[in-house]
$ cat protein-v2.csv   # CSV, C-alpha atoms and all ligand atoms
chain,number,residue,atom,x,y,z
W,728,MET,CA,48.4,-53.6,-73.8
W,729,LEU,CA,48.9,-57.3,-73.2
W,730,LYS,CA,45.4,-57.5,-71.9
W,731,PHE,CA,44.1,-55.8,-75.1
W,732,LYS,CA,45.8,-58.4,-77.2
W,733,SER,CA,43.9,-61.2,-75.8
W,734,GLN,CA,40.5,-59.4,-76.1
W,735,SER,CA,38.1,-59.1,-79.0
W,736,LYS,CA,37.5,-55.7,-80.6
W,737,LYS,CA,34.1,-55.4,-78.9
W,738,ASP,CA,35.7,-56.2,-75.5
W,739,ILE,CA,38.4,-53.6,-76.0
W,740,GLU,CA,35.8,-51.0,-76.9
W,741,LYS,CA,33.7,-51.9,-73.9
W,742,SER,CA,36.7,-51.8,-71.5
W,743,ILE,CA,37.7,-48.4,-72.8
W,744,LEU,CA,34.2,-47.1,-72.2
W,745,GLU,CA,34.1,-48.7,-68.7
W,746,ASP,CA,37.3,-46.9,-67.7
W,747,ILE,CA,36.6,-43.4,-69.1
W,748,ASP,CA,36.6,-41.0,-66.1
W,749,GLU,CA,33.5,-39.2,-67.3
W,750,PRO,CA,30.1,-40.8,-66.7
W,751,ILE,CA,28.6,-42.2,-69.9
W,752,VAL,CA,25.0,-43.4,-70.0
W,753,ALA,CA,22.8,-44.8,-72.8
W,754,VAL,CA,19.1,-44.2,-72.5
W,755,SER,CA,16.4,-45.5,-74.8
W,756,PHE,CA,13.6,-43.3,-76.0
W,757,ASP,CA,11.2,-45.2,-73.8
W,758,LYS,CA,13.3,-44.1,-70.8
W,759,LYS,CA,15.2,-47.3,-70.0
W,760,ILE,CA,18.8,-47.0,-68.9
W,761,LEU,CA,20.6,-49.3,-71.4
W,762,TYR,CA,24.1,-48.8,-70.2
W,763,LYS,CA,26.3,-47.0,-67.7
W,764,ASN,CA,30.0,-47.1,-67.4
W,765,ASN,CA,31.9,-47.3,-64.1
W,766,ALA,CA,32.1,-43.5,-63.7
W,767,ALA,CA,28.3,-43.3,-64.1
W,768,LYS,CA,27.8,-46.0,-61.5
W,769,GLU,CA,29.9,-44.0,-59.1
W,770,LEU,CA,27.9,-40.9,-59.9
W,771,GLU,CA,24.7,-42.8,-59.1
W,772,ILE,CA,26.1,-43.7,-55.7
W,773,LEU,CA,27.2,-40.1,-55.1
W,774,ILE,CA,24.0,-38.3,-55.9
W,775,GLY,CA,21.5,-41.1,-55.1
W,776,LYS,CA,19.5,-43.3,-57.4
W,777,LYS,CA,16.5,-41.0,-57.7
W,778,ASN,CA,18.6,-37.9,-58.6
W,779,PHE,CA,20.6,-40.0,-61.0
W,780,ILE,CA,17.4,-41.2,-62.8
W,781,ASP,CA,16.2,-37.6,-62.9
W,782,LEU,CA,19.5,-36.5,-64.4
W,783,VAL,CA,19.7,-39.0,-67.2
W,784,LEU,CA,16.1,-39.3,-68.2
W,785,PHE,CA,15.3,-35.6,-68.7
W,786,PRO,CA,17.3,-35.1,-72.0
W,787,VAL,CA,15.1,-37.8,-73.7
W,788,GLU,CA,12.1,-35.5,-73.3
W,789,LEU,CA,13.6,-32.4,-74.9
W,790,ASP,CA,12.0,-31.2,-78.1
W,791,LYS,CA,15.3,-30.9,-79.8
W,792,ILE,CA,16.2,-34.5,-79.1
W,793,LYS,CA,12.8,-35.6,-80.3
W,794,LYS,CA,13.5,-33.8,-83.5
W,795,ASN,CA,16.6,-35.9,-83.9
W,796,SER,CA,19.4,-33.6,-83.2
W,797,SER,CA,22.3,-33.8,-80.8
W,798,VAL,CA,22.7,-31.2,-78.1
W,799,LYS,CA,25.9,-30.1,-76.4
W,800,GLY,CA,26.4,-28.6,-72.9
W,801,LEU,CA,22.9,-29.0,-71.5
W,802,PHE,CA,22.9,-27.6,-68.0
W,803,ARG,CA,21.3,-29.4,-65.1
W,804,LYS,CA,21.4,-28.6,-61.4
W,805,ILE,CA,20.5,-31.3,-58.9
W,806,GLY,CA,20.7,-30.2,-55.3
W,807,LYS,CA,24.2,-28.8,-54.8
W,808,ASN,CA,25.6,-30.5,-57.9
W,809,GLN,CA,25.8,-29.0,-61.3
W,810,PHE,CA,26.2,-30.9,-64.6
W,811,LEU,CA,26.8,-30.3,-68.3
W,812,ILE,CA,25.5,-33.0,-70.5
W,813,ASP,CA,26.4,-33.7,-74.1
W,814,VAL,CA,23.6,-35.7,-75.8
W,815,SER,CA,24.2,-37.7,-78.9
W,816,LEU,CA,21.6,-39.8,-80.8
W,817,PHE,CA,22.2,-43.5,-80.7
W,818,GLN,CA,20.7,-44.9,-83.9
W,819,ASP,CA,16.9,-44.5,-83.5
W,820,GLU,CA,16.9,-46.2,-80.2
W,821,GLY,CA,17.8,-43.5,-77.8
W,822,VAL,CA,20.6,-41.2,-76.7
W,823,ILE,CA,24.1,-41.4,-75.3
W,824,LEU,CA,24.9,-39.0,-72.5
W,825,LEU,CA,28.4,-37.7,-71.7
W,826,ILE,CA,28.0,-36.1,-68.3
W,827,LYS,CA,30.5,-33.6,-66.8
W,828,ASP,CA,30.2,-32.8,-63.2
W,829,ILE,CA,31.0,-29.1,-63.0
W,830,THR,CA,30.1,-28.6,-59.3
W,831,ARG,CA,33.7,-28.1,-58.3
W,832,PHE,CA,34.3,-25.5,-61.1
W,833,SER,CA,31.4,-23.4,-60.0
W,834,GLU,CA,32.5,-23.6,-56.4
W,835,LEU,CA,35.9,-22.5,-57.4
W,836,GLU,CA,34.5,-19.7,-59.4
W,837,ASN,CA,32.4,-18.5,-56.5
W,838,GLN,CA,35.4,-18.7,-54.2
W,839,ALA,CA,37.4,-16.7,-56.6
W,840,LYS,CA,34.7,-14.0,-56.7
W,841,LYS,CA,34.6,-13.9,-52.9
W,842,GLU,CA,38.4,-13.8,-52.7
W,843,GLY,CA,38.4,-10.9,-55.2
W,844,ILE,CA,36.1,-9.0,-52.9
W,845,LEU,CA,38.3,-9.8,-49.9
W,846,VAL,CA,41.4,-8.7,-51.7
W,847,ALA,CA,39.6,-5.4,-52.4
W,848,VAL,CA,38.6,-5.0,-48.8
W,849,PHE,CA,42.1,-5.7,-47.5
W,850,LYS,CA,43.5,-3.2,-50.1
W,851,TYR,CA,41.0,-0.7,-48.9
W,852,LEU,CA,42.0,-1.2,-45.2
W,853,SER,CA,45.7,-1.1,-45.9
W,854,GLN,CA,45.2,2.1,-47.9
W,855,ILE,CA,43.4,3.7,-45.0
W,856,PHE,CA,46.0,2.6,-42.5
W,857,HIS,CA,48.8,3.8,-44.7
W,858,ASP,CA,47.1,7.2,-45.0
W,859,MET,CA,46.6,7.4,-41.2
W,860,LYS,CA,50.2,6.5,-40.5
W,861,GLY,CA,51.4,9.9,-41.8
W,862,PRO,CA,49.4,12.2,-39.5
W,863,ILE,CA,49.8,9.9,-36.5
W,864,GLY,CA,53.6,9.9,-36.9
W,865,GLY,CA,53.4,13.7,-37.2
W,866,ILE,CA,51.4,14.0,-34.0
W,867,LYS,CA,53.7,11.6,-32.1
W,868,GLY,CA,56.8,13.5,-33.3
W,869,SER,CA,55.4,16.9,-32.3
W,870,ALA,CA,54.2,15.7,-28.9
W,871,GLN,CA,57.7,14.3,-28.2
W,872,LEU,CA,59.3,17.6,-29.1
W,873,LEU,CA,56.7,19.5,-27.1
W,874,LYS,CA,57.6,17.4,-24.0
W,875,GLU,CA,61.2,18.5,-24.4
W,876,ASP,CA,60.3,22.2,-25.0
W,877,PRO,CA,56.8,23.0,-23.7
W,878,GLU,CA,57.4,26.7,-24.8
W,879,ASP,CA,57.3,25.8,-28.5
W,880,THR,CA,53.6,26.5,-29.3
W,881,GLU,CA,54.2,26.1,-33.0
W,882,LEU,CA,54.3,22.4,-32.3
W,883,ILE,CA,50.7,22.6,-31.1
W,884,ASP,CA,49.7,24.0,-34.5
W,885,ASP,CA,51.4,21.0,-36.1
W,886,ILE,CA,49.5,18.7,-33.9
W,887,LEU,CA,46.2,20.5,-34.8
W,888,TYR,CA,47.0,20.3,-38.5
W,889,GLU,CA,47.7,16.6,-38.4
W,890,THR,CA,44.6,16.0,-36.3
W,891,LYS,CA,42.6,17.8,-39.0
W,892,ARG,CA,44.1,15.6,-41.7
W,893,LEU,CA,43.0,12.5,-39.7
W,894,GLU,CA,39.5,14.0,-39.3
W,895,ASN,CA,39.2,14.6,-43.0
W,896,LEU,CA,40.3,11.1,-43.8
W,897,ILE,CA,37.7,9.7,-41.4
W,898,THR,CA,35.0,11.9,-42.9
W,899,GLU,CA,35.9,10.7,-46.4
W,900,ILE,CA,35.7,7.0,-45.3
W,901,THR,CA,32.4,7.4,-43.5
W,902,THR,CA,30.7,9.1,-46.5
W,903,ILE,CA,31.1,5.9,-48.4
W,904,THR,CA,28.9,4.1,-45.8
W,905,LYS,CA,26.6,6.9,-44.6
W,906,PRO,CA,23.3,7.8,-46.4
W,907,LEU,CA,23.5,11.0,-48.5
W,908,GLN,CA,21.5,14.1,-47.9
W,909,LEU,CA,19.9,14.8,-51.2
W,910,ASN,CA,18.6,18.2,-52.2
W,911,LYS,CA,16.4,17.4,-55.2
W,912,ARG,CA,14.9,19.8,-57.8
W,913,TYR,CA,13.8,19.4,-61.4
W,914,GLU,CA,16.9,19.7,-63.6
W,915,ASN,CA,17.8,19.4,-67.3
W,916,ILE,CA,20.3,16.5,-67.5
W,917,HIS,CA,21.7,17.6,-70.9
W,918,THR,CA,23.0,20.8,-69.3
W,919,LEU,CA,24.7,18.7,-66.6
W,920,LEU,CA,26.2,16.3,-69.2
W,921,ASP,CA,27.6,19.3,-71.1
W,922,GLU,CA,29.0,20.7,-68.0
W,923,ALA,CA,30.8,17.5,-67.2
W,924,LEU,CA,32.0,17.2,-70.8
W,925,ASN,CA,33.4,20.7,-70.8
W,926,ILE,CA,35.7,19.9,-67.9
W,927,TYR,CA,37.6,17.4,-70.0
W,928,LYS,CA,37.2,18.8,-73.6
W,929,LYS,CA,40.3,21.1,-73.3
W,930,GLN,CA,42.4,18.4,-71.7
W,931,TYR,CA,41.6,15.9,-74.5
W,932,PRO,CA,41.2,17.9,-77.7
W,933,ASP,CA,41.5,14.9,-80.1
W,934,VAL,CA,38.5,13.1,-78.7
W,935,GLU,CA,35.4,13.2,-80.8
W,936,ILE,CA,32.2,13.6,-78.8
W,937,LYS,CA,28.9,12.5,-80.2
W,938,ARG,CA,25.8,13.7,-78.4
W,939,ARG,CA,22.7,11.7,-79.1
W,940,TYR,CA,20.4,13.6,-76.7
W,941,ASP,CA,16.7,13.1,-76.9
W,942,PRO,CA,15.4,16.7,-77.0
W,943,SER,CA,12.0,15.7,-75.8
W,944,LEU,CA,13.2,14.5,-72.4
W,945,PRO,CA,11.5,16.2,-69.5
W,946,GLU,CA,13.5,17.7,-66.6
W,947,ILE,CA,14.0,15.1,-63.8
W,948,LYS,CA,14.0,15.5,-60.1
W,949,ILE,CA,17.6,15.0,-58.9
W,950,ASP,CA,20.3,16.5,-56.7
W,951,LYS,CA,22.2,18.5,-59.3
W,952,GLU,CA,25.6,18.5,-57.5
W,953,GLN,CA,25.5,14.7,-56.8
W,954,ILE,CA,24.4,13.7,-60.3
W,955,LEU,CA,27.0,16.0,-61.8
W,956,LYS,CA,29.6,14.1,-59.8
W,957,VAL,CA,28.3,10.8,-61.3
W,958,PHE,CA,28.5,12.2,-64.9
W,959,ILE,CA,32.0,13.5,-64.2
W,960,ASN,CA,33.1,10.1,-62.9
W,961,LEU,CA,31.7,8.2,-65.8
W,962,ILE,CA,32.9,10.7,-68.4
W,963,ARG,CA,36.4,10.9,-66.9
W,964,ASN,CA,36.5,7.0,-67.0
W,965,ALA,CA,35.6,7.1,-70.7
W,966,PHE,CA,38.3,9.7,-71.5
W,967,GLU,CA,40.8,7.7,-69.5
W,968,ALA,CA,39.8,4.4,-71.2
W,969,ILE,CA,40.6,5.8,-74.6
W,970,GLU,CA,43.7,7.6,-73.5
W,971,GLY,CA,42.9,10.8,-75.3
W,972,LYS,CA,42.2,9.2,-78.7
W,973,GLY,CA,38.9,7.9,-80.1
W,974,ASN,CA,35.4,8.9,-79.4
W,975,ILE,CA,32.8,9.1,-76.7
W,976,THR,CA,29.1,8.8,-77.4
W,977,ILE,CA,26.5,10.1,-74.9
W,978,GLU,CA,22.9,9.0,-75.5
W,979,THR,CA,19.8,9.9,-73.6
W,980,GLY,CA,16.2,8.8,-73.9
W,981,ILE,CA,13.2,7.4,-72.1
W,982,SER,CA,14.0,4.0,-70.7
W,983,TRP,CA,11.6,1.1,-71.5
W,984,ASP,CA,13.8,-1.4,-69.8
W,985,LYS,CA,11.6,-4.5,-69.1
W,986,VAL,CA,12.9,-4.8,-65.5
W,987,TYR,CA,13.7,-1.3,-64.4
W,988,SER,CA,11.4,0.9,-66.3
W,989,PRO,CA,8.5,-1.1,-67.9
W,990,ARG,CA,6.2,1.9,-67.6
W,991,GLY,CA,8.5,4.3,-69.4
W,992,ASN,CA,8.7,6.6,-66.4
W,993,LYS,CA,12.5,6.8,-66.2
W,994,VAL,CA,15.2,8.2,-68.3
W,995,PHE,CA,18.4,6.5,-69.4
W,996,ILE,CA,21.8,8.0,-70.0
W,997,ARG,CA,24.4,5.9,-71.8
W,998,ILE,CA,28.1,6.7,-71.9
W,999,LYS,CA,30.0,4.7,-74.4
W,1000,ASP,CA,33.6,5.0,-75.4
W,1001,SER,CA,35.7,3.5,-78.2
W,1002,GLY,CA,38.1,1.8,-75.8
W,1003,LYS,CA,38.5,-1.9,-75.1
W,1004,GLY,CA,35.7,-2.1,-72.5
W,1005,VAL,CA,35.8,-3.4,-69.0
W,1006,PRO,CA,38.0,-6.6,-68.7
W,1007,GLU,CA,36.0,-9.7,-68.0
W,1008,ASP,CA,37.6,-10.2,-64.5
W,1009,MET,CA,36.8,-6.6,-63.5
W,1010,ILE,CA,33.0,-6.8,-64.3
W,1011,ASP,CA,32.0,-8.2,-60.9
W,1012,LYS,CA,34.2,-5.9,-58.9
W,1013,LEU,CA,33.5,-2.6,-60.7
W,1014,PHE,CA,31.5,-1.0,-58.0
W,1015,ILE,CA,33.6,-2.1,-55.0
W,1016,PRO,CA,35.5,0.8,-53.5
W,1017,PHE,CA,39.2,0.9,-54.1
W,1018,VAL,CA,39.2,-1.6,-56.9
W,1019,THR,CA,41.2,-0.1,-59.7
W,1020,THR,CA,43.4,-1.1,-62.7
W,1021,LYS,CA,44.9,2.4,-63.0
W,1022,LYS,CA,48.3,3.4,-61.8
W,1023,ASN,CA,47.0,6.6,-60.4
W,1024,GLY,CA,43.4,5.6,-59.8
W,1025,MET,CA,41.8,5.4,-56.4
W,1026,GLY,CA,39.0,3.1,-57.5
W,1027,VAL,CA,36.3,5.3,-55.9
W,1028,GLY,CA,34.6,6.9,-58.9
W,1029,LEU,CA,32.2,4.0,-59.7
W,1030,SER,CA,31.5,3.0,-56.1
W,1031,SER,CA,30.5,6.5,-55.1
W,1032,SER,CA,28.5,7.0,-58.3
W,1033,PHE,CA,26.7,3.8,-57.7
W,1034,LYS,CA,25.8,5.0,-54.2
W,1035,ILE,CA,24.5,8.4,-55.5
W,1036,VAL,CA,22.4,6.8,-58.3
W,1037,LYS,CA,21.0,4.2,-55.8
W,1038,GLU,CA,20.0,7.0,-53.4
W,1039,HIS,CA,18.0,8.5,-56.3
W,1040,ASN,CA,16.2,5.1,-56.7
W,1041,GLY,CA,18.1,4.6,-60.0
W,1042,ILE,CA,20.4,2.1,-61.5
W,1043,LEU,CA,24.0,2.3,-62.6
W,1044,ARG,CA,25.3,-0.6,-64.5
W,1045,TYR,CA,27.8,-1.7,-67.1
W,1046,ILE,CA,25.9,-3.1,-70.1
W,1047,GLY,CA,28.9,-4.3,-72.1
W,1048,ASN,CA,30.4,-2.9,-75.2
W,1049,SER,CA,32.3,-0.1,-73.3
W,1050,THR,CA,28.9,1.3,-72.2
W,1051,PHE,CA,27.8,2.4,-68.8
W,1052,GLU,CA,24.1,3.1,-68.3
W,1053,ILE,CA,22.3,5.2,-65.7
W,1054,ILE,CA,18.5,4.9,-65.3
W,1055,LEU,CA,16.9,7.6,-63.2
W,1056,PRO,CA,13.2,8.1,-62.3
W,1057,ILE,CA,11.7,11.3,-63.7
W,1058,LYS,CA,9.9,12.1,-60.5
X,1,LIG,N1,34.9,3.2,-69.6
X,1,LIG,C1,35.6,2.2,-69.0
X,1,LIG,N2,36.3,1.3,-69.8
X,1,LIG,C2,37.0,0.3,-69.3
X,1,LIG,N3,37.2,0.1,-68.0
X,1,LIG,C3,36.6,0.9,-67.2
X,1,LIG,C4,35.8,2.0,-67.6
X,1,LIG,N4,35.3,2.7,-66.5
X,1,LIG,C5,35.8,2.0,-65.5
X,1,LIG,N5,36.6,1.0,-65.8
X,1,LIG,C6,37.3,0.0,-64.9
X,1,LIG,O1,36.8,0.1,-63.6
X,1,LIG,C7,37.8,0.5,-62.7
X,1,LIG,C8,37.1,1.3,-61.5
X,1,LIG,O2,36.7,2.5,-62.0
X,1,LIG,P1,36.5,3.7,-61.0
X,1,LIG,O3,36.1,4.9,-61.7
X,1,LIG,O4,35.7,3.2,-59.8
X,1,LIG,O5,38.0,3.9,-60.4
X,1,LIG,P2,39.3,4.5,-61.2
X,1,LIG,O6,38.8,5.2,-62.4
X,1,LIG,O7,40.2,3.4,-61.3
X,1,LIG,O8,39.8,5.5,-60.1
X,1,LIG,P3,39.1,6.9,-59.7
X,1,LIG,O9,37.8,7.0,-60.4
X,1,LIG,O10,39.0,6.8,-58.2
X,1,LIG,O11,40.1,7.9,-60.1
X,1,LIG,C9,38.8,1.2,-63.5
X,1,LIG,O12,40.1,1.1,-62.8
X,1,LIG,C10,38.8,0.4,-64.8
X,1,LIG,O13,39.5,-0.8,-64.7
X,2,MG,MG,37.3,6.6,-62.3
$ encode --input "protein-v2.csv" --output "structure tokens" --more "lines below"
Ligand SMILES: Nc1ncnc2c1ncn2[C@@H]1O[C@H](COP(=O)(O)OP(=O)(O)OP(=O)(O)O)[C@@H](O)[C@H]1O
Ligand SMILES: [Mg+2]
Amino acid sequence: MLKFKSQSKKDIEKSILEDIDEPIVAVSFDKKILYKNNAAKELEILIGKKNFIDLVLFPVELDKIKKNSSVKGLFRKIGKNQFLIDVSLFQDEGVILLIKDITRFSELENQAKKEGILVAVFKYLSQIFHDMKGPIGGIKGSAQLLKEDPEDTELIDDILYETKRLENLITEITTITKPLQLNKRYENIHTLLDEALNIYKKQYPDVEIKRRYDPSLPEIKIDKEQILKVFINLIRNAFEAIEGKGNITIETGISWDKVYSPRGNKVFIRIKDSGKGVPEDMIDKLFIPFVTTKKNGMGVGLSSSFKIVKEHNGILRYIGNSTFEIILPIK
């Protein structure tokens, strides 16, 4: 404060600018750097002169700036570093840039994503080990008893039973990673959707179901049992998301998705519910096995459905607005 008292207003303003933690740079329209504060000078050393010049000169060339308006949050990536820049006009001489280095934030975000996946994998492994502990304990116990009384053949049945449980568990785990054997025929997907809906209609009588089926859709070549499983998983998720109250809309049609079906040779099936939608932090993890937000969920519905659809050369994705979309080739 004392220092300020002895300074002129201009000096005070300058020293405030100098000491702001964020880099501030003024650039003239003819691309001359008119001013940089201390943080900007440090940034220049950090990323190198050439990169720094590249970073601060590009906003001057933008159409919007030429048309005399300010822009907030311009994104620029230079090497590993990422920046957001707020650009304000500075009389009619040039622009003032407020630069935010967001590299650390995006690293953190990536890390968080990776950690989310790791947590899911660990959860998956501990679930498997937990499930294996039961049968292994059973086998151990029966074997110990058998040692004491080799005549008790019922114990051998117990051992066989527990071994079978272990075998089933291992089969279940390996199906997640093994390719599927598909038995494809031409099928009517509307019949399959109705079949899946009928399973839950009685259980949830208050849910309104809207069918927006495109009657002109051709039959498509799929493994009926497998695709029925996918419909059941998605429809069950929809019923669970609205907890028995609200509505579910099922729409079908020819997909003209620019990326996945630009020639219109695929069909789409959209399943939408009136629930809250997938929480933001779940979107990246939806299709990872054993990721669930439900008390009694296993978190396998979407991951196994994803696998089935992928084996059909199709797409299963969440398109926002409580809607899951499946795109399947006709042939
Ligand atoms: N229609 C939906 N609306 C909101 N969230 C959903 C919806 N469908 C799935 N989710 C979210 O995705 C998670 C994973 O779904 P997934 O079907 O794989 O597993 P689950 O339903 O939790 O358990 P499982 O299907 O094994 O019984 C759910 O726990 C839920 O958080
Ligand atoms: Mg589910």
$ residues_near_ligand --input "protein-v2.csv" --ligand "ligand LIG 1 (chain X)" --cutoff "10 Å" --atoms "all atoms listed in the file" --output "number ranges by chain"
W: 957, 959-969, 975, 998-1033, 1045, 1047-1051
$ closest_residue --input "protein-v2.csv" --among "W:Lys1037, W:Phe958, W:Gln818, W:Ile947" --to "ligand MG 2 (chain X)" --atoms "only C-alpha atoms and all ligand atoms"
W:Phe958
$ atom_distance --input "protein-v2.csv" --atom1 "atom CA of W:Val754" --atom2 "atom CA of W:Glu769"
17.2 Å
$ atom_distance --input "protein-v2.csv" --atom1 "atom CA of W:Ile747" --atom2 "atom CA of W:Asp790"
28.9 Å
$ residues_near_point --input "protein-v2.csv" --point "(20.2, -38.8, -61.9)" --cutoff "12 Å" --atoms "only C-alpha atoms" --output "JSON, numbers by chain"
{"W": [750, 752, 754, 760, 763, 767, 768, 769, 770, 771, 772, 773, 774, 775, 776, 777, 778, 779, 780, 781, 782, 783, 784, 785, 786, 803, 804, 805, 806, 808, 809, 810, 812, 824, 826, 828]}
$ write_last_selection --input "protein-v2.csv" --atoms "C-alpha atoms" --output "mmCIF file, keeping the file's coordinate frame"
data_model
loop_
_atom_site.group_PDB
_atom_site.id
_atom_site.type_symbol
_atom_site.label_atom_id
_atom_site.label_comp_id
_atom_site.auth_asym_id
_atom_site.auth_seq_id
_atom_site.Cartn_x
_atom_site.Cartn_y
_atom_site.Cartn_z
ATOM 1 C CA PRO W 750 30.100 -40.800 -66.700
ATOM 2 C CA VAL W 752 25.000 -43.400 -70.000
ATOM 3 C CA VAL W 754 19.100 -44.200 -72.500
ATOM 4 C CA ILE W 760 18.800 -47.000 -68.900
ATOM 5 C CA LYS W 763 26.300 -47.000 -67.700
ATOM 6 C CA ALA W 767 28.300 -43.300 -64.100
ATOM 7 C CA LYS W 768 27.800 -46.000 -61.500
ATOM 8 C CA GLU W 769 29.900 -44.000 -59.100
ATOM 9 C CA LEU W 770 27.900 -40.900 -59.900
ATOM 10 C CA GLU W 771 24.700 -42.800 -59.100
ATOM 11 C CA ILE W 772 26.100 -43.700 -55.700
ATOM 12 C CA LEU W 773 27.200 -40.100 -55.100
ATOM 13 C CA ILE W 774 24.000 -38.300 -55.900
ATOM 14 C CA GLY W 775 21.500 -41.100 -55.100
ATOM 15 C CA LYS W 776 19.500 -43.300 -57.400
ATOM 16 C CA LYS W 777 16.500 -41.000 -57.700
ATOM 17 C CA ASN W 778 18.600 -37.900 -58.600
ATOM 18 C CA PHE W 779 20.600 -40.000 -61.000
ATOM 19 C CA ILE W 780 17.400 -41.200 -62.800
ATOM 20 C CA ASP W 781 16.200 -37.600 -62.900
ATOM 21 C CA LEU W 782 19.500 -36.500 -64.400
ATOM 22 C CA VAL W 783 19.700 -39.000 -67.200
ATOM 23 C CA LEU W 784 16.100 -39.300 -68.200
ATOM 24 C CA PHE W 785 15.300 -35.600 -68.700
ATOM 25 C CA PRO W 786 17.300 -35.100 -72.000
ATOM 26 C CA ARG W 803 21.300 -29.400 -65.100
ATOM 27 C CA LYS W 804 21.400 -28.600 -61.400
ATOM 28 C CA ILE W 805 20.500 -31.300 -58.900
ATOM 29 C CA GLY W 806 20.700 -30.200 -55.300
ATOM 30 C CA ASN W 808 25.600 -30.500 -57.900
ATOM 31 C CA GLN W 809 25.800 -29.000 -61.300
ATOM 32 C CA PHE W 810 26.200 -30.900 -64.600
ATOM 33 C CA ILE W 812 25.500 -33.000 -70.500
ATOM 34 C CA LEU W 824 24.900 -39.000 -72.500
ATOM 35 C CA ILE W 826 28.000 -36.100 -68.300
ATOM 36 C CA ASP W 828 30.200 -32.800 -63.200
#
$ closest_residue --input "protein-v2.csv" --among "W:Leu909, W:Ile1057, W:Val1036, W:Ile926" --to "W:Ile981" --atoms "all atoms listed in the file"
W:Ile1057
$ residues_near_point --input "protein-v2.csv" --point "(27.5, -34.2, -76.0)" --cutoff "9 Å" --atoms "only C-alpha atoms" --output "mmCIF file with C-alpha atoms, in the coordinates of the input"
data_model
loop_
_atom_site.group_PDB
_atom_site.id
_atom_site.type_symbol
_atom_site.label_atom_id
_atom_site.label_comp_id
_atom_site.auth_asym_id
_atom_site.auth_seq_id
_atom_site.Cartn_x
_atom_site.Cartn_y
_atom_site.Cartn_z
ATOM 1 C CA SER W 797 22.300 -33.800 -80.800
ATOM 2 C CA VAL W 798 22.700 -31.200 -78.100
ATOM 3 C CA LYS W 799 25.900 -30.100 -76.400
ATOM 4 C CA GLY W 800 26.400 -28.600 -72.900
ATOM 5 C CA LEU W 801 22.900 -29.000 -71.500
ATOM 6 C CA LEU W 811 26.800 -30.300 -68.300
ATOM 7 C CA ILE W 812 25.500 -33.000 -70.500
ATOM 8 C CA ASP W 813 26.400 -33.700 -74.100
ATOM 9 C CA VAL W 814 23.600 -35.700 -75.800
ATOM 10 C CA SER W 815 24.200 -37.700 -78.900
ATOM 11 C CA ILE W 823 24.100 -41.400 -75.300
ATOM 12 C CA LEU W 824 24.900 -39.000 -72.500
ATOM 13 C CA LEU W 825 28.400 -37.700 -71.700
ATOM 14 C CA ILE W 826 28.000 -36.100 -68.300
#
$ atom_distance --input "protein-v2.csv" --atom1 "atom CA of W:Lys1058" --atom2 "atom CA of W:Ile1046"
24.1 Å
$ build_atoms --input "protein-v2.csv" --residues "stretch 979-990 of chain W" --atoms "N, CA and C atoms" --output "PDB file, keeping the file's coordinate frame"
ATOM      1  N   THR W 979      20.836   9.809 -74.618  1.00  0.00           N
ATOM      2  CA  THR W 979      19.800   9.900 -73.600  1.00  0.00           C
ATOM      3  C   THR W 979      18.459   9.497 -74.197  1.00  0.00           C
ATOM      4  N   GLY W 980      17.511   9.160 -73.355  1.00  0.00           N
ATOM      5  CA  GLY W 980      16.200   8.800 -73.900  1.00  0.00           C
ATOM      6  C   GLY W 980      15.295   8.330 -72.736  1.00  0.00           C
ATOM      7  N   ILE W 981      14.054   8.026 -73.084  1.00  0.00           N
ATOM      8  CA  ILE W 981      13.200   7.400 -72.100  1.00  0.00           C
ATOM      9  C   ILE W 981      13.481   5.918 -72.058  1.00  0.00           C
ATOM     10  N   SER W 982      13.640   5.402 -70.853  1.00  0.00           N
ATOM     11  CA  SER W 982      14.000   4.000 -70.700  1.00  0.00           C
ATOM     12  C   SER W 982      12.680   3.146 -70.716  1.00  0.00           C
ATOM     13  N   TRP W 983      12.682   2.101 -71.548  1.00  0.00           N
ATOM     14  CA  TRP W 983      11.600   1.100 -71.500  1.00  0.00           C
ATOM     15  C   TRP W 983      12.133  -0.226 -71.085  1.00  0.00           C
ATOM     16  N   ASP W 984      13.186  -0.162 -70.245  1.00  0.00           N
ATOM     17  CA  ASP W 984      13.800  -1.400 -69.800  1.00  0.00           C
ATOM     18  C   ASP W 984      12.722  -2.282 -69.111  1.00  0.00           C
ATOM     19  N   LYS W 985      12.660  -3.545 -69.562  1.00  0.00           N
ATOM     20  CA  LYS W 985      11.600  -4.500 -69.100  1.00  0.00           C
ATOM     21  C   LYS W 985      11.590  -4.614 -67.580  1.00  0.00           C
ATOM     22  N   VAL W 986      12.788  -4.608 -66.988  1.00  0.00           N
ATOM     23  CA  VAL W 986      12.900  -4.800 -65.500  1.00  0.00           C
ATOM     24  C   VAL W 986      12.802  -3.520 -64.772  1.00  0.00           C
ATOM     25  N   TYR W 987      13.569  -2.527 -65.209  1.00  0.00           N
ATOM     26  CA  TYR W 987      13.700  -1.300 -64.400  1.00  0.00           C
ATOM     27  C   TYR W 987      12.779  -0.186 -64.749  1.00  0.00           C
ATOM     28  N   SER W 988      12.235  -0.214 -65.946  1.00  0.00           N
ATOM     29  CA  SER W 988      11.400   0.900 -66.300  1.00  0.00           C
ATOM     30  C   SER W 988      10.256   0.456 -67.283  1.00  0.00           C
ATOM     31  N   PRO W 989       9.489  -0.569 -66.896  1.00  0.00           N
ATOM     32  CA  PRO W 989       8.500  -1.100 -67.900  1.00  0.00           C
ATOM     33  C   PRO W 989       7.419  -0.113 -68.208  1.00  0.00           C
ATOM     34  N   ARG W 990       7.216   0.907 -67.332  1.00  0.00           N
ATOM     35  CA  ARG W 990       6.200   1.900 -67.600  1.00  0.00           C
ATOM     36  C   ARG W 990       6.688   3.136 -68.325  1.00  0.00           C
TER      37      ARG W 990
END
